[in-house]
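Report on the following structure.
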Amino acid sequence: MEGAKRPASVFRKPPPPPTATFIAPPAPPPPAPGAPPAAGGPPPVPPGGPILHRPTFHGAGSTLFGIYVVNALLILATIGGYYFWAKTRVRRYLFSETAFAGDRFAYHGTGRELALGFLRAFLVFLCPLIGLGVVRDWPGIDANVKKVAAYLVSFLLLVFIPVAMVGARRYRLSRTSWRGIRFSFRGRVRDLVVIFFKSSILAGLTFGLYYPFYLTQRQGFMISNSYFGSERFGWDGRGRDLFRSFLLAVVLTLPTLGLCWVWFLAHKRRFFWQHTSFAGARFRSTVTGGALLGLYAVNVLLLVATLGIAWPWVRVRNIRFGLRYLALEGPLDLERIRQQAQLASATGEGLAGFLDTGFDLG
Amino acid sequence: MRHEWPATYLDGQTAVRHPATVRLMGQGLEVVTAQGWTRLWPYAEIRQTQGFYAGEEVRLERGGVLPEIVVVSAPEFLASLHAVAPALGGALRDPAGRPSRIRLVVLAAVGVVALGGALYLWGIPAVAAVLASRVPVGWEERLGRTTVEHLAPAELRCVDPRRQQAIDAIVARLAAAEPGPYEFRVIVVNRREVNALSAPGGYIVVFRGLLERTRSPEELAGVLSHEMQHVLKRHATRALIQHVSTGLLLAAVTGDAMGPLAYGAQSAQVLGQLQYSRRAEAEADALGMKMLLAAKVDPAGAIRFFEALTEGEKQPRSVLRYLSTHPGTSDRIERLREEAARAPGPPAPLLPGVDWDDIKRLCEASFPR
């Protein structure tokens with residue numbers, strides 16, 4: 001998509017925003033560079049220690065339930081057509097009820113975009129997959145042709161997952177904003193495909209012990225290619241730091257009947273957040289295995305007792321839980337951030353552009 | 001009415017908040033930041049993007065895709081704004097309309113239950129029946145062949161051409177009574193259970209345990225006619241379509257294809273499955289009996305066989321009866337007797353001159369005791 005040659009370093013300069021979509025707003029009064037920070041700038045570090053910024057959630061399960069109910073009726077009445085608008089409505093509510101440093105997030109996606117994205121994925125992946133599957137199973141066709149078809153099916157599936165992951169992340173981040181500034185994701189599908197293929201081979205050779213390294217690399221790819229405006233997220237995690245707790249969980253699987261994996265998940269979360277930084281501040285997660293287990297257990301009880309009707313409340317619980325243990329620690333320098341929206345181009349260049357404009361499934 | 005409100009201004013180019021004041025003027029909203037910059041937003045150009053729910057701060061935007069933003073925390077602001085600019089009724093949500101929205105939600109909930117229930121109980125079975133009858137026989141045969149390869153793997157099949165001929169003769173006589181597009185193939189497997197299964201496309205699997213418990217060809221014919229009716233009425237294909245549709249219905253009602261499935265909402269589907277099965281079983285019973293009568297096979301054999309089975313098993317309690325796939329055996333026998341009473345004429349013997357005890361030993365050739 002971007003034609004420029006890439007230097008070997010991981011920290012590339014972000015590509016300039018495509019001129020076709022960079023919309024210049026009416027000239028607002030910009031804060032003059034070098035001027036003393038406005039009252040809205042970052043407060044000075046207090047003598048007690050670094051600042052802790054905490055995200056907060058203001059939504060309620062009952063309101064979400066109301067949204068779900070209206071969505072359900074409209075989905076049934078439109079024989080499924082309303083599904084994409086329903087998803088968008090839920091997302092918009094959840095995002096606008098989440099706040100950070102006093103300002104709420106906003107979601108700008110539309111049902112139409114989701115519907116078109118689904119159609120794209122359907123045409124580009126599902127139809128060839130079905131066609132190849134039919135060729136593979138049809139009785140009257142030459143055996144060699146069938147073998148080729150079978151390999152193509154596996155290959156398509158293996159490629160589809162990273163495409164979908166990158167597409168979904170690119171779409172969601174570009175439709176999310178905070179204080180009016182859009183997030184963006186600039187990772188390329190081929191980088192994730194390389195991680196996938198490399199990891200499948202290495203995981204096979206090491207009987208699965210490579211898994212924490214793969215997780216770390218994948219997370220690194222996701223985080224280090226995410227931007228808020230012009231500011232890039234930082235990542236410094238290494239697979240070997242996660243390997244120890246992974247090995248411990250593997251060894252303890254049988255004695256703890258699998259429960260040790262909850263503690264591994266908690267450690268993974270802490271580890272991932274700990275190595276994510278932004279604008280001079282570092283994230284910090286204090287979630288524990290016990291708290292995570294408690295969350296899952298109560299969720300299951302709620303859902304079983306209410307035959308699934310408590311799902312909106314469970315969703316709200318999960319969000320509150322996730323935010324409760326998360327904080328951003330340090331002097332957050334927001335002054336230098338500029339809007340750099342990477343909105344999907346209307347035309348899309350070739351197949352890569354066609355897919356990279358981002359589509360989101362489920 | 002208050003005209004001046006404290007607010008925050010975001011310029012859409014930086015992530016810095018500017019404290020500001022908004023004034024509700026005649027033609028528009030006047031925004032004055034703490035640093036003294038002033039903007040005037042005509043009401044017609046303002047969009048409200050947040051502040052629809054109680055306690056949410058009001059967020060107004062002006063501009064294109066990357067707009068300027070004004071956020072007012074006081075919820076009463078919206079009422080004042082609405083009073084000053086009522087012409088923009090739709091664009092700026094009326095907070096007084098909240099109680100009617102709650103009523104709407106309740107109505108919607110009732111609608112979901114009614115519509116969802118109707119689809120589940122009536123719509124989906126009807127659609128599945130229509131679709132199932134349109135599925136080509138060739139597809140069903142392929143599906144059946146794959147299923148049977150799992151149910152009756154080659155190493156468990158009892159092969160005995162001479163005795164198999166007798167069983168095939170029974171099938172042929174029954175099939176002649178109700179011609180159809182299927183080629184019925186009976187496979188006997190070396191398993192102790194007293195059971196028989198049918199797969200789409202005409203495949204019927206009979207377990208050794210069942211074969212050896214029959215005492216006459218008429219008894220086996222009763223079981224075979226039941227299974228053949230499952231095939232002729234395409235129950236398995238229909239069940240598959242219903243399973244997929246119920247999954248889609250659940251996804252529609254929860255508005256989320258992935259989430260609830262992760263928590264095992266599939267258990268609801270499974271319960272629904274069993275409900276369809278019981279209807280299908282009752283249908284197979286009734287039509288199987290009709291098939292026996294049309295082929296002039298003595299129905300007493302089938303009834304005797306089911307009675308013998310009941311003596312061996314406990315009577316299921318009401319809860320278990322709901323969960324089991326077959327209707328309670330005593331109900332079945334009653335219904336079968338009622339059908340049998342409608343026999344049009346005297347039966348003709350099924351395999352005259354054939355020693356059934358010999359045929360029953362079909363599996364001994366491949367799997368001697």
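The way I read the labels, and the way they are meant: chains A, B, ... in the order of the structure tokens, residue 1 as the first residue of every chain, and ligand 1 as the first ligand shown, with later ones counted on from there.
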Pull out every residue of chain B that has at least one atom within 7 Å of chain A, counting only C-alpha atoms, and report them as an MDAnalysis selection string. chainID B and resid 10:19 37 50 63 67 69 105 108:109 111:112 252:255 257:258
Tell me, as a PyMOL selection string, which residues lie within 7 Å of A:Asp236, counting only C-alpha atoms; anything in the same chain fewer than 2 positions away does not count. chain A and resi 234+238+275-276
Limited to C-alpha atoms, could you put the picked residues into a file as a PDB file, in the first residue's frame?
```
ATOM      1  CA  GLY A 234       5.512   1.670  22.849  1.00  0.00           C
ATOM      2  CA  ARG A 238      10.138 -10.177  25.378  1.00  0.00           C
ATOM      3  CA  HIS A 275       5.448  -3.485  28.752  1.00  0.00           C
ATOM      4  CA  THR A 276       3.081  -1.101  26.999  1.00  0.00           C
TER       5      THR A 276
END
```
Within 12 Å of A:Ile223, counting only C-alpha atoms, which residues show up once you throw out same-chain ones fewer than 6 positions away? Write them as an MDAnalysis selection string, please. chainID A and resid 11 166 169:170 173 183:187 216:217 232:237 272:273 275:278
Please provide the set of residues having any atom within 6 Å of B:Val71, restricted to only C-alpha atoms, with same-chain residues fewer than 3 positions apart removed, written as a list in words. Ala7, Thr8, Val58 and Arg59 of chain B
Just write the chosen residues, C-alpha atoms, as a compact mmCIF listing (two decimals), in the first residue's frame.
```
# COMPACT_ATOMS: atom_id res chain seq x y z
CA ALA B 7 -17.88 23.55 29.20
CA THR B 8 -14.77 22.03 27.67
CA VAL B 58 -23.60 16.29 26.59
CA ARG B 59 -21.24 16.28 23.64
```
